[in-house]
Amino acid sequence: MKYLLFIFLLCFFTISCRKEEKEYVSKNTNSQKLDKSKKYLRKTLYIKYPDATEEIELYIMKKKDTISNQYKLIRNNKIDTLESCYYDLKISKSDKPNFYHGTITLHSKYENLKLNKKNKRTIDFGYCNQNKDSVYLKYITSKKSTTLNFEFENHKGANLNGILYQLTERDTTKDMINLNQVHLLVDNLPQTNNFFLESYNLDKDKNRKINLKAIIKLKKAN
């Protein structure tokens, strides 16, 4: 599909390299440094075409910089799972005050990958917790399921800030392994101070940056 898809597919790149130890973004974070003053606005951009619709989640920063996050390609009222990358999030109250239950499912083109010695998939979910005095981070990992259940603490309400990271490894040849990475910010409010946006340098990722004026011009051209 020509449209704008090529812009967003760059966010979910696939690379080939020699077998080597996996490298993850550092998870060592000092909660004292969490900056709660920064606000990002989340909006969804809908681009309609005769045979499909693109649904793109945007994070707009104070400087008016915009980056892409979740992406859905919809055809005949159905999400094209091979071309989309997004999550489903459910949050409910727990029996403990200020604690909440959460379930998050990552949908990507490798969601139904048959896992074995040659095909591996790891999903990490990091999320912020807020008690009375400080902010702290927790991480959970799954190497089998694309659905993760978690519990988080927030004394200011049920709002959640997090990040999903997926690493897929496929052994395609004797000496080569195919890697695919996905980073998705996770929020449940229109305005957020999601710490992970800058902690994981997503604001500096040129492949995620969006020029809204260019998109409008390209849409009109089509």
# chains A, B, ... in the order shown; residues from 1 in each chain; ligands from 1
call {"tool": "residues_around", "arguments": {"residues": "segment 54-70 of chain A", "least_positions_apart": "3", "cutoff": "7 Å", "atoms": "only C-alpha atoms", "output": "list in words"}}
result
Tyr40, Leu41, Arg42, Lys43, Thr44, Leu45, Tyr46, Ile47, Lys48, Leu73, Ile74, Cys85, Tyr86, Leu184, Leu185, Asp203, Arg208, Lys209 and Ile210 of chain A
call {"tool": "write_last_selection", "arguments": {"atoms": "C-alpha atoms", "output": "PDB file, in the first residue's frame"}}
result
ATOM      1  CA  TYR A  40       2.632  15.354  25.860  1.00  0.00           C
ATOM      2  CA  LEU A  41      -0.661  15.456  23.998  1.00  0.00           C
ATOM      3  CA  ARG A  42      -1.927  12.195  22.477  1.00  0.00           C
ATOM      4  CA  LYS A  43      -4.106  12.372  19.396  1.00  0.00           C
ATOM      5  CA  THR A  44      -5.247   9.951  16.729  1.00  0.00           C
ATOM      6  CA  LEU A  45      -4.889  10.838  13.066  1.00  0.00           C
ATOM      7  CA  TYR A  46      -7.312   9.188  10.633  1.00  0.00           C
ATOM      8  CA  ILE A  47      -6.402   9.136   6.948  1.00  0.00           C
ATOM      9  CA  LYS A  48      -9.142   7.756   4.736  1.00  0.00           C
ATOM     10  CA  LEU A  73      -4.357  -0.259   8.798  1.00  0.00           C
ATOM     11  CA  ILE A  74      -8.073  -0.969   8.393  1.00  0.00           C
ATOM     12  CA  CYS A  85       1.272  -2.538  15.376  1.00  0.00           C
ATOM     13  CA  TYR A  86      -0.792  -1.596  18.426  1.00  0.00           C
ATOM     14  CA  LEU A 184       5.323   1.401  21.823  1.00  0.00           C
ATOM     15  CA  LEU A 185       4.547   4.022  24.441  1.00  0.00           C
ATOM     16  CA  ASP A 203      11.814  11.796  20.706  1.00  0.00           C
ATOM     17  CA  ARG A 208       9.179   8.199  14.157  1.00  0.00           C
ATOM     18  CA  LYS A 209       8.994  11.948  13.588  1.00  0.00           C
ATOM     19  CA  ILE A 210       5.945  13.134  11.691  1.00  0.00           C
TER      20      ILE A 210
END
call {"tool": "select_by_dssp", "arguments": {"residues": "segment 15-166 of chain A", "states": "strand (DSSP E or B)", "output": "PyMOL selection string"}}
result
chain A and resi 15-18+40-48+53-60+66-75+78-79+85-93+99-107+119-130+135-142+147-154+161-166
call {"tool": "residues_around", "arguments": {"residues": "Phe150 of chain A", "least_positions_apart": "3", "cutoff": "10 Å", "atoms": "only C-alpha atoms", "output": "list of chain:residue names"}}
result
A:Ile91, A:Tyr100, A:His101, A:Gly102, A:Thr103, A:Ile104, A:Phe125, A:Tyr127, A:Lys138, A:Tyr139, A:Ile140
call {"tool": "residues_around", "arguments": {"residues": "Leu160 of chain A", "least_positions_apart": "6", "cutoff": "8 Å", "atoms": "only C-alpha atoms", "output": "PDB file with all heavy atoms, in the first residue's frame"}}
result
ATOM      1  N   TYR A 127       6.586   0.081  33.429  1.00  0.00           N
ATOM      2  CA  TYR A 127       5.520   1.013  33.779  1.00  0.00           C
ATOM      3  C   TYR A 127       5.823   1.734  35.088  1.00  0.00           C
ATOM      4  O   TYR A 127       6.515   1.214  35.967  1.00  0.00           O
ATOM      5  CB  TYR A 127       4.164   0.295  33.867  1.00  0.00           C
ATOM      6  CG  TYR A 127       4.126  -0.903  34.781  1.00  0.00           C
ATOM      7  CD1 TYR A 127       3.609  -0.813  36.076  1.00  0.00           C
ATOM      8  CD2 TYR A 127       4.608  -2.140  34.355  1.00  0.00           C
ATOM      9  CE1 TYR A 127       3.575  -1.919  36.911  1.00  0.00           C
ATOM     10  CE2 TYR A 127       4.582  -3.248  35.181  1.00  0.00           C
ATOM     11  CZ  TYR A 127       4.063  -3.127  36.450  1.00  0.00           C
ATOM     12  OH  TYR A 127       4.034  -4.234  37.284  1.00  0.00           O
ATOM     13  N   CYS A 128       5.306   2.956  35.199  1.00  0.00           N
ATOM     14  CA  CYS A 128       5.532   3.791  36.375  1.00  0.00           C
ATOM     15  C   CYS A 128       4.523   3.486  37.474  1.00  0.00           C
ATOM     16  O   CYS A 128       3.359   3.169  37.201  1.00  0.00           O
ATOM     17  CB  CYS A 128       5.416   5.263  36.006  1.00  0.00           C
ATOM     18  SG  CYS A 128       6.727   5.859  34.930  1.00  0.00           S
ATOM     19  N   VAL A 186       2.905   3.516  26.150  1.00  0.00           N
ATOM     20  CA  VAL A 186       1.593   3.090  26.662  1.00  0.00           C
ATOM     21  C   VAL A 186       1.042   4.165  27.591  1.00  0.00           C
ATOM     22  O   VAL A 186       1.689   4.551  28.574  1.00  0.00           O
ATOM     23  CB  VAL A 186       1.707   1.748  27.424  1.00  0.00           C
ATOM     24  CG1 VAL A 186       0.358   1.367  28.032  1.00  0.00           C
ATOM     25  CG2 VAL A 186       2.200   0.652  26.488  1.00  0.00           C
ATOM     26  N   ASP A 187      -0.150   4.650  27.275  1.00  0.00           N
ATOM     27  CA  ASP A 187      -0.831   5.657  28.097  1.00  0.00           C
ATOM     28  C   ASP A 187      -2.328   5.437  27.999  1.00  0.00           C
ATOM     29  O   ASP A 187      -2.816   4.837  27.032  1.00  0.00           O
ATOM     30  CB  ASP A 187      -0.495   7.071  27.616  1.00  0.00           C
ATOM     31  CG  ASP A 187       0.900   7.504  28.009  1.00  0.00           C
ATOM     32  OD1 ASP A 187       1.105   7.874  29.178  1.00  0.00           O
ATOM     33  OD2 ASP A 187       1.796   7.478  27.133  1.00  0.00           O
ATOM     34  N   ASN A 188      -3.054   5.952  28.981  1.00  0.00           N
ATOM     35  CA  ASN A 188      -4.516   5.828  28.924  1.00  0.00           C
ATOM     36  C   ASN A 188      -5.239   7.160  29.134  1.00  0.00           C
ATOM     37  O   ASN A 188      -6.435   7.180  29.386  1.00  0.00           O
ATOM     38  CB  ASN A 188      -5.014   4.792  29.943  1.00  0.00           C
ATOM     39  CG  ASN A 188      -4.700   5.177  31.379  1.00  0.00           C
ATOM     40  OD1 ASN A 188      -3.838   6.022  31.629  1.00  0.00           O
ATOM     41  ND2 ASN A 188      -5.373   4.558  32.329  1.00  0.00           N
ATOM     42  N   LEU A 189      -4.494   8.272  29.015  1.00  0.00           N
ATOM     43  CA  LEU A 189      -5.096   9.598  29.097  1.00  0.00           C
ATOM     44  C   LEU A 189      -4.637  10.440  27.906  1.00  0.00           C
ATOM     45  O   LEU A 189      -3.540  10.225  27.377  1.00  0.00           O
ATOM     46  CB  LEU A 189      -4.711  10.297  30.402  1.00  0.00           C
ATOM     47  CG  LEU A 189      -5.271   9.708  31.703  1.00  0.00           C
ATOM     48  CD1 LEU A 189      -4.767  10.519  32.897  1.00  0.00           C
ATOM     49  CD2 LEU A 189      -6.793   9.687  31.698  1.00  0.00           C
TER      50      LEU A 189
END
call {"tool": "closest_residue", "arguments": {"among": "A:Thr53, A:Asn161, A:Asn129, A:Asn154", "to": "Phe196 of chain A", "atoms": "only C-alpha atoms"}}
result
A:Asn161
call {"tool": "atom_distance", "arguments": {"atom1": "atom CA of Asn180 of chain A", "atom2": "atom CA of Asn159 of chain A"}}
result
29.6 Å
call {"tool": "residues_around", "arguments": {"residues": "segment 111-119 of chain A", "least_positions_apart": "3", "cutoff": "6 Å", "atoms": "only C-alpha atoms", "output": "list in words"}}
result
His107, Ser108, Glu169, Arg170 and Asp171 of chain A
